[in-house]
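Colleague: Here it is: the structure, laid out below.
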Amino acid sequence: MIASSIRWPMVGAQKSSKDITTELLAPNETKPALWWYIGMGIGTIFLAYGAWAFYMSLSVGLGTWGLTNSVGWGWDIINFVWWIGIGHAGTAFTIFFLVFRQKWAASINRTAEAMTVFAVMCAGIFPLIHMGRPWLAFFIMPYPNTRLLWVNFNSPLFWDVVAISTYLLMSITLWYFGMIPDLATMRDRAKNKISKEIYGFFSMGWDGSMISYNRYETLTRILGGLAAPLVISVHTIVALDFSISVLPGWHATILPPYFFVGAIFSGFAMVLTIMILMRKAFKISDFITEKHLDSIARVLKYGSLVIGLAYAIELFIAWYSGVEYEIYTFFNARASGTFSTAFWIMVFCNAIVPQVFWFKKARRNIAILFTVSILINIGMWFERFIILISSLAEDFLPSSWTDYSPTLVDIGVYVGTFGIFICGMLLFIRYIPIIAINEVKAYKKEGN
Amino acid sequence: MAPKNIVATFRDEANLLKAVTRLKENKVNMLDVYGPFANHDLLKKLTSESKLPYAAVLYGIIAIVSIFGFMYYTSVIDYPIMYGGKPIFSFPPMVVIMFLFCILLTTILTVLTFHGRAMIFPGKPANIIDPSVTDDTFFLVLDQNYNPEEIKEWLKEDGAEEITEKEL
């Protein structure tokens, strides 16, 4: 390695491979702390509320939701887009690591990928319930049904189904293949027979052969290369669900890049939240150093600039177009009318607050990092709320204008997805190494 | 009786790299190195480039051609429907599905090829050289070759912590 002042150590302190194994497997090999049980308890309560909401949505029908004739997409699609956005970070980290060779991402990509997998699962639940009869979900697959009618390949909604299914499969594949050598480490350190059997099954007989490593590294690079355009396409296609319609506020060519940047932005914010919590809980600050958090904060800063620019361009184009409906949606409904509170929360959280990361002191202050990461996710939720509800509730015809508010069932489905996410993440940190041990060992002597 | 293998143990990958370089220069037949992580310099010295990317490109081409054929058959031949006066055969929207299906099928087939070629699959029993191989130790495995004593001497000089003879 060429010594350089811009390289920084991957691991905070000098550690041997054995130290790294022992420290990083401690969360899996020791009994969970009290907070883990409390977290699982909270997650289970959320899941129970979600299960009730799911039951109500199916047994009584979607009339239990707050949707109206005008607002046909409400909390379900807001939360779908929000979760999908969060789900972009994991694969983005993997791409940083595998394709752009950003070695610092090695400490983060395992957890970020786990987050992606659970976030995409949570996202998938909303359109599934929104169908009304989810047991007929297979109708959206291209198979010749009894009417010999095929799906409409020209529809962005069908593209969405294919994109999200492919993305979920790709995320799980990248996540799982990335952890095979670490599962082998757990297999060889397992003390009881059941753990040995389970980790042995999933580690695929991994023996550490360099010939296998060579093929394995090639495979993960290919998967990373395939995932890169897929990540961009997924949120682009979600944006097309909106932008090919004719509604003011939706019918805009800026939406695909704007959605994609927003997705990376919110996903990185959620990664930051989770990494700060894990760093505190497991005392792994030698592996997730201040420089790691600093790097994420820098991405958030630039993401925020792009998002802020997109908000400004939307307003400018609405004014420049001279179309009264566009002007009404952006300047009246959103910036100064019914939805102005949500609009300015969105602008404040996404475009203004992250600018604090221009200052190094803020990027190195855990409390600020944590607060900003939470605010960004709140802001990004409001962004989706603004896009969906303001355009639907106040469209071309004032006679069809309506109020929108979610019901307890709407809220329940959303809270339920948090239950899935919390329980999923807690089970992940209990049974799977939270940091890619073999990758950290490989890069520990090199700088980033 | 089959010849035994020479197994040299290394904890420092720099020493291992030194040993592998020397053995390669002397054209010693090395079978494999087992270790807890991939050392990229070691991979370059020890293995040849994998052909997996060529297979992936082939799968991608097959995926694109087959999904285009499928969409053309369903949309134009089997059940042509006119949506909003647009032409029955419209290529641009097909690109999206071609792109996504290309990634989907290439991923699945490349992973299956990896399983077949590396012979690893869920449930395969682990036949490891030593439990520390997935923790902190590298094991360089050699054939006996024609000059085992000289090889052992080199390995010792290059920092091998232990040199044993094993039947693997």
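Note on naming: chains are A, B, ... as they come in the structure tokens, residues start from 1 per chain, ligands start from 1 in the order shown.
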Chain A near chain B within 6 Å: what's each residue's closest atom pair and its distance in Å to one decimal, counting only C-alpha atoms, ordered by chain then ascending residue number, as a tab-separated table?
Modeller:
```
residue	atom	partner	partner_atom	distance
A:Ser17	CA	B:Asp136	CA	5.1
A:Lys18	CA	B:Asp136	CA	5.5
A:Asn154	CA	B:Pro93	CA	5.2
A:Thr166	CA	B:Leu104	CA	5.7
A:Thr185	CA	B:Thr134	CA	4.9
A:Asp188	CA	B:Pro131	CA	5.7
A:Phe201	CA	B:Gly123	CA	3.9
A:Phe202	CA	B:Pro122	CA	5.4
A:Met204	CA	B:Pro122	CA	4.4
A:Gly205	CA	B:Ala126	CA	3.9
A:Asp207	CA	B:Ile128	CA	5.1
A:Gly208	CA	B:Tyr34	CA	4.8
A:Ser209	CA	B:Tyr34	CA	4.3
A:Met210	CA	B:Val33	CA	5.5
A:Ser212	CA	B:Ala118	CA	6.0
A:Arg215	CA	B:Ser50	CA	6.0
A:Asn438	CA	B:Phe37	CA	5.0
A:Ala442	CA	B:Phe37	CA	5.8
```
Colleague: Neighbours of stretch 408-421 of chain A within 9 Å (only C-alpha atoms; same-chain residues fewer than 5 positions away dropped), as a ChimeraX atom specification?
Modeller: /A:40,42-54,56-57,64-66,74-76,79,115,118-119,121-123,125-126,426
Colleague: If you run DSSP on the backbone, which residues of chain B are strand (DSSP E), as a list in words?
Modeller: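 Restricting chain B to strand (DSSP E) produces Asn5, Ile6, Val7, Ala8, Thr9, Phe10, Met30, Leu31, Asp32, Val33, Tyr34, Phe138, Phe139, Leu140, Val141, Leu142, Glu162, Ile163, Thr164, Glu165 and Lys166 of chain B.
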Colleague: In Å to one decimal, how far is atom CA of A:Ile374 from atom CA of A:Glu394?
Modeller: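 Separation of atom CA of A:Glu394 and atom CA of A:Ile374: 29.6 Å.
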Colleague: Residues at most 12 Å from A:Ser171, counting only C-alpha atoms, excluding those fewer than 4 positions away in the same chain, as a PyMOL selection string?
Modeller: (chain A and resi 87-95+109-121+163-167+175-178+220+223-224+226-228+230-231) or (chain B and resi 104+107)
Colleague: Atom CA of A:Trp401 and atom CA of A:Gly337, how far apart in Å?
Modeller: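 Spanning atom CA of A:Gly337 to atom CA of A:Trp401 is a straight-line distance of 13.3 Å.
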Colleague: Could you list, as a PDB file with C-alpha atoms, in the first residue's frame, every residue within 6 Å of stretch 344-351 of chain A, counting only C-alpha atoms and ignoring same-chain residues fewer than 6 positions away?
Modeller:
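To be explicit, this is the file written out as around-v4.pdb:
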```pdb
ATOM      1  CA  SER A 304     -29.400  17.148   0.768  1.00  0.00           C
ATOM      2  CA  GLY A 308     -32.924  20.943  -2.090  1.00  0.00           C
ATOM      3  CA  LEU A 375     -34.993  14.279  11.096  1.00  0.00           C
ATOM      4  CA  ILE A 376     -34.080  13.268   7.539  1.00  0.00           C
ATOM      5  CA  GLY A 379     -38.544  14.780   6.305  1.00  0.00           C
ATOM      6  CA  PHE A 382     -43.285  14.122   4.603  1.00  0.00           C
ATOM      7  CA  GLU A 383     -41.853  14.408   1.097  1.00  0.00           C
TER       8      GLU A 383
END
```
Colleague: Please report the interatomic distance between atom CA of B:Leu17 and atom CA of A:Thr22 in Å with one decimal.
Modeller: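 Computed distance, atom CA of B:Leu17 to atom CA of A:Thr22, equals 25.0 Å.
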